[in-house]
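Data first, discussion second: the structure below is written as structure tokens.
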Amino acid sequence: METKMLKTGQTRRAFLRQAAALTAGLGAAACGASAMAADEAFPHSSGSERISARLPANACDCHMHIYDDRFPWAPGAKLLHPPATVAMYRRLQQRLGVSRNVVVTPSAYGTDNRCTLDALEQLGASARGVAVLDTGVTDAELVRLDKAGIRGLRFNLAIGSVTSAAMIEPLARRVAHLGWHMQVNMSNDELLANREMLSRLPVPVVFDHFARIPLQDSASHPVYAFVVGLMKDKRAYIKLSGAYLSSKAGAPAYGDVAPLARALMSAAPTQVLWGSDWPHPTEKHKPDDALLLDLMAEWAGSGEQLNALLVDNPARLYRF
């Protein structure tokens, strides 16, 4: 089954490469019409084909966002996005064949988690959430959020945030009894500057988007050594999400990301997660989510590793 899965994925990718070359020769008008049609079918995601890989039951998308214009932006928010609603995401779920997901409060809402909580209520027992809070939150509010499905706090410091690295440890101590985690998105320099603090937290650390490990000479980079060390000690997880964020090779193969993804899964197979990063708020030209998930299945290399990545590891961390 595993061999068939990889062969099918490779065939589909070869087809997509040919299709991409053909499309490039058809002119801008045809490309625009095709992109518009795909966007209508699956908002904020290019392409329309379903995933080729055979996914295990209860596969989880561990990193996605909901944007709903019923909820106001935070003052001074920078990374804004058009509506990306629960109804829109459900269409993508059907295309990808994932049944569980983790809603992460985007930076646009600051510490207002109402949009995420509303999404969790709509999605029900198949969803969990990661909130954004500062140290002013009350203990009663933490308990309320836990009952609503929140399982961690995010510190998105790489693009500017209403929170700070100084808040991570105090909040970690307050949520440890709830079984939450601290999710961080930091520059390489900031991550290394805070490694002692992150290493002593009483809760797991979850690193966003490949921990921003540089793709060139990644295995010899100090961020790689630090992150993998925590993963091997089972004190950290890493989200294999946003392959397009640092790739210079780009679609459809993202070949420069593959060695890092495989190395991380090999180093600590029980500590890796996958996330779509839908609706890809940093990207003007949206990636093909089905292709990205097919690639991740190929990089996993076996049905056992794919099951750990998509089912077992998320179930343990988010308590499904």
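Identifiers in the structure tokens: chain A, B, ... in order shown; residue index from 1 per chain; ligand index from 1 in order shown.
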
| task | Using only C-alpha atoms, determine which residues lie at most 9 Å from segment 202-205 of chain A, disregarding the query and same-chain residues fewer than 6 positions distant; provide the list as an NGL selection string. | result | :A and (169 or 172-173 or 175-176 or 179-184 or 230 or 234-238 or 317)

Give me the residues within 6 Å of segment 54-71 of chain A as a compact mmCIF listing (two decimals) with N, CA, C and O atoms, in the first residue's frame, counting only C-alpha atoms and dropping any in the same chain fewer than 2 places off.
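What ended up in around.txt:
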# COMPACT_ATOMS: atom_id res chain seq x y z
N PRO A 83 -12.22 37.29 4.27
CA PRO A 83 -12.90 36.21 4.99
C PRO A 83 -12.43 34.82 4.58
O PRO A 83 -12.31 34.51 3.39
N ALA A 84 -12.14 34.02 5.57
CA ALA A 84 -11.78 32.61 5.40
C ALA A 84 -12.55 31.87 6.48
O ALA A 84 -12.06 31.67 7.58
N THR A 85 -13.77 31.52 6.16
CA THR A 85 -14.73 31.06 7.16
C THR A 85 -14.68 29.56 7.37
O THR A 85 -14.03 28.82 6.62
N VAL A 98 -9.01 15.26 5.41
CA VAL A 98 -8.68 15.33 6.83
C VAL A 98 -9.96 15.60 7.61
O VAL A 98 -10.84 16.32 7.16
N SER A 99 -10.08 15.01 8.79
CA SER A 99 -11.32 15.14 9.56
C SER A 99 -11.14 15.92 10.86
O SER A 99 -12.13 16.32 11.48
N ARG A 100 -9.90 16.13 11.28
CA ARG A 100 -9.64 16.91 12.49
C ARG A 100 -8.82 18.15 12.13
O ARG A 100 -8.10 18.14 11.14
N ASN A 101 -8.93 19.17 12.98
CA ASN A 101 -8.13 20.37 12.71
C ASN A 101 -7.91 21.17 13.97
O ASN A 101 -8.62 21.01 14.96
N VAL A 102 -6.89 22.03 13.91
CA VAL A 102 -6.54 22.91 15.03
C VAL A 102 -6.60 24.35 14.53
O VAL A 102 -5.84 24.74 13.63
N VAL A 103 -7.51 25.13 15.10
CA VAL A 103 -7.69 26.53 14.73
C VAL A 103 -6.74 27.38 15.55
O VAL A 103 -6.78 27.35 16.78
N VAL A 104 -5.88 28.13 14.88
CA VAL A 104 -4.90 28.98 15.55
C VAL A 104 -5.32 30.44 15.38
O VAL A 104 -5.51 30.91 14.25
N TRP A 274 1.72 18.05 11.15
CA TRP A 274 1.53 18.69 9.84
C TRP A 274 0.41 19.72 9.94
O TRP A 274 -0.59 19.51 10.65
N GLY A 275 0.58 20.84 9.25
CA GLY A 275 -0.47 21.84 9.18
C GLY A 275 -0.52 22.47 7.81
O GLY A 275 0.51 22.65 7.16
N SER A 276 -1.72 22.79 7.35
CA SER A 276 -1.88 23.38 6.02
C SER A 276 -1.48 24.85 5.98
O SER A 276 -1.08 25.36 4.93
N ASP A 277 -1.63 25.55 7.09
CA ASP A 277 -1.46 27.00 7.17
C ASP A 277 -2.52 27.74 6.36
O ASP A 277 -2.36 28.91 6.02
N TRP A 278 -3.61 27.07 6.02
CA TRP A 278 -4.73 27.73 5.32
C TRP A 278 -5.27 28.86 6.18
O TRP A 278 -5.31 28.72 7.39
N LEU A 310 0.03 12.46 11.23
CA LEU A 310 -1.32 13.00 11.04
C LEU A 310 -2.33 12.58 12.11
O LEU A 310 -3.35 13.25 12.27
N VAL A 311 -2.04 11.50 12.83
CA VAL A 311 -3.05 10.98 13.77
C VAL A 311 -2.51 10.89 15.20
O VAL A 311 -2.99 11.57 16.11

| query | Contacts of Asn194 of chain A at 12 Å or less, counting only C-alpha atoms, minus same-chain residues fewer than 2 places along, as an NGL selection string? | reply | :A and (164-169 or 184 or 186-192 or 196-201 or 223 or 226-227)

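Take the candidates A:Ser48, A:Thr135, A:Gln122, A:Ser220 and check each one against Ala290 of chain A using only C-alpha atoms; the shortest distance goes to A:Ser48.
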
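Going from atom CA of Ala315 of chain A to atom CA of Gln271 of chain A covers 11.6 Å.
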
| said: DSSP on the backbone, helix (DSSP H, G or I) only: what residues of segment 8-172 of chain A does that give? Format it as a PyMOL selection string. | reply: chain A and resi 8-24+28-41+86-96+107-109+114-126+139-148+165-172

| query | Restricting the calculation to only C-alpha atoms, which member of A:Ala251, A:Leu133, A:Cys115, A:Val272 is positioned closest to Asp288 of chain A? | reply | A:Ala251

| field | Who sits within 7 Å of segment 297-301 of chain A, only C-alpha atoms, same chain under 4 positions skipped, as a ChimeraX atom specification | value | /A:6,53,258,261-262,293,305-306

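Nearest to Ala41 of chain A of all the residues A:Arg128, A:Arg114, A:Lys284, A:Arg95 is A:Arg95, based on only C-alpha atoms.
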
| said: If you run DSSP on the backbone here, which positions in segment 166-263 of chain A get strand (DSSP E or B)? Please write them as a PyMOL selection string. | reply: chain A and resi 181-185+205-207+236-241

| request: Name the residues in contact with Pro106 of chain A at a cut-off of 10 Å, using only C-alpha atoms, excluding same-chain residues fewer than 6 positions from it; report them as JSON, numbers by chain. | output: {"A": [64, 65, 66, 67, 79, 80, 81, 112, 113, 115, 116, 130, 131, 132, 154, 156, 281]}

Can I get the selected residues back with N, CA, C and O atoms, as a tab-separated table (two decimals), in the first residue's frame?
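That gives us result-v6.tsv:
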chain	number	residue	atom	x	y	z
A	64	MET	N	-4.20	25.95	11.05
A	64	MET	CA	-4.99	26.71	10.08
A	64	MET	C	-5.66	27.85	10.85
A	64	MET	O	-5.65	27.88	12.07
A	65	HIS	N	-6.17	28.82	10.10
A	65	HIS	CA	-6.76	30.02	10.70
A	65	HIS	C	-8.16	30.26	10.15
A	65	HIS	O	-8.46	29.87	9.01
A	66	ILE	N	-8.96	30.91	10.94
A	66	ILE	CA	-10.27	31.37	10.49
A	66	ILE	C	-10.29	32.89	10.58
A	66	ILE	O	-9.90	33.47	11.60
A	67	TYR	N	-10.74	33.54	9.51
A	67	TYR	CA	-10.96	34.98	9.48
A	67	TYR	C	-12.43	35.21	9.16
A	67	TYR	O	-12.94	34.69	8.17
A	79	LEU	N	-1.12	41.89	9.49
A	79	LEU	CA	-1.35	40.80	8.55
A	79	LEU	C	-2.85	40.49	8.48
A	79	LEU	O	-3.34	39.57	9.13
A	80	LEU	N	-3.58	41.29	7.70
A	80	LEU	CA	-5.02	41.12	7.56
A	80	LEU	C	-5.32	40.17	6.40
A	80	LEU	O	-4.47	39.93	5.54
A	81	HIS	N	-6.55	39.66	6.36
A	81	HIS	CA	-6.89	38.69	5.33
A	81	HIS	C	-8.39	38.76	5.04
A	81	HIS	O	-9.18	38.96	5.97
A	112	ASP	N	-7.88	38.83	21.11
A	112	ASP	CA	-9.32	38.58	21.02
A	112	ASP	C	-9.51	37.23	20.33
A	112	ASP	O	-9.29	37.10	19.12
A	113	ASN	N	-9.93	36.23	21.08
A	113	ASN	CA	-10.04	34.87	20.55
A	113	ASN	C	-11.47	34.49	20.19
A	113	ASN	O	-11.77	33.31	19.98
A	115	CYS	N	-13.20	34.85	17.45
A	115	CYS	CA	-13.34	34.21	16.14
A	115	CYS	C	-12.95	32.73	16.22
A	115	CYS	O	-13.65	31.86	15.69
A	116	THR	N	-11.86	32.44	16.91
A	116	THR	CA	-11.43	31.05	17.08
A	116	THR	C	-12.43	30.25	17.89
A	116	THR	O	-12.77	29.11	17.54
A	130	VAL	N	-5.74	26.97	19.42
A	130	VAL	CA	-4.58	27.60	20.04
A	130	VAL	C	-4.88	29.09	20.11
A	130	VAL	O	-5.14	29.72	19.08
A	131	ALA	N	-4.85	29.65	21.31
A	131	ALA	CA	-5.24	31.04	21.54
A	131	ALA	C	-4.03	31.95	21.64
A	131	ALA	O	-2.88	31.50	21.75
A	132	VAL	N	-4.31	33.25	21.62
A	132	VAL	CA	-3.30	34.28	21.88
A	132	VAL	C	-3.76	35.06	23.10
A	132	VAL	O	-4.85	35.62	23.11
A	154	ARG	N	-0.21	30.77	21.52
A	154	ARG	CA	0.75	31.06	20.46
A	154	ARG	C	1.42	32.42	20.69
A	154	ARG	O	0.75	33.39	21.05
A	156	ASN	N	3.44	34.69	18.28
A	156	ASN	CA	3.87	34.91	16.91
A	156	ASN	C	4.76	36.15	16.87
A	156	ASN	O	4.33	37.23	16.49
A	281	PRO	N	-2.05	33.22	4.96
A	281	PRO	CA	-2.19	34.68	5.04
A	281	PRO	C	-0.99	35.47	4.52
A	281	PRO	O	-1.14	36.64	4.17
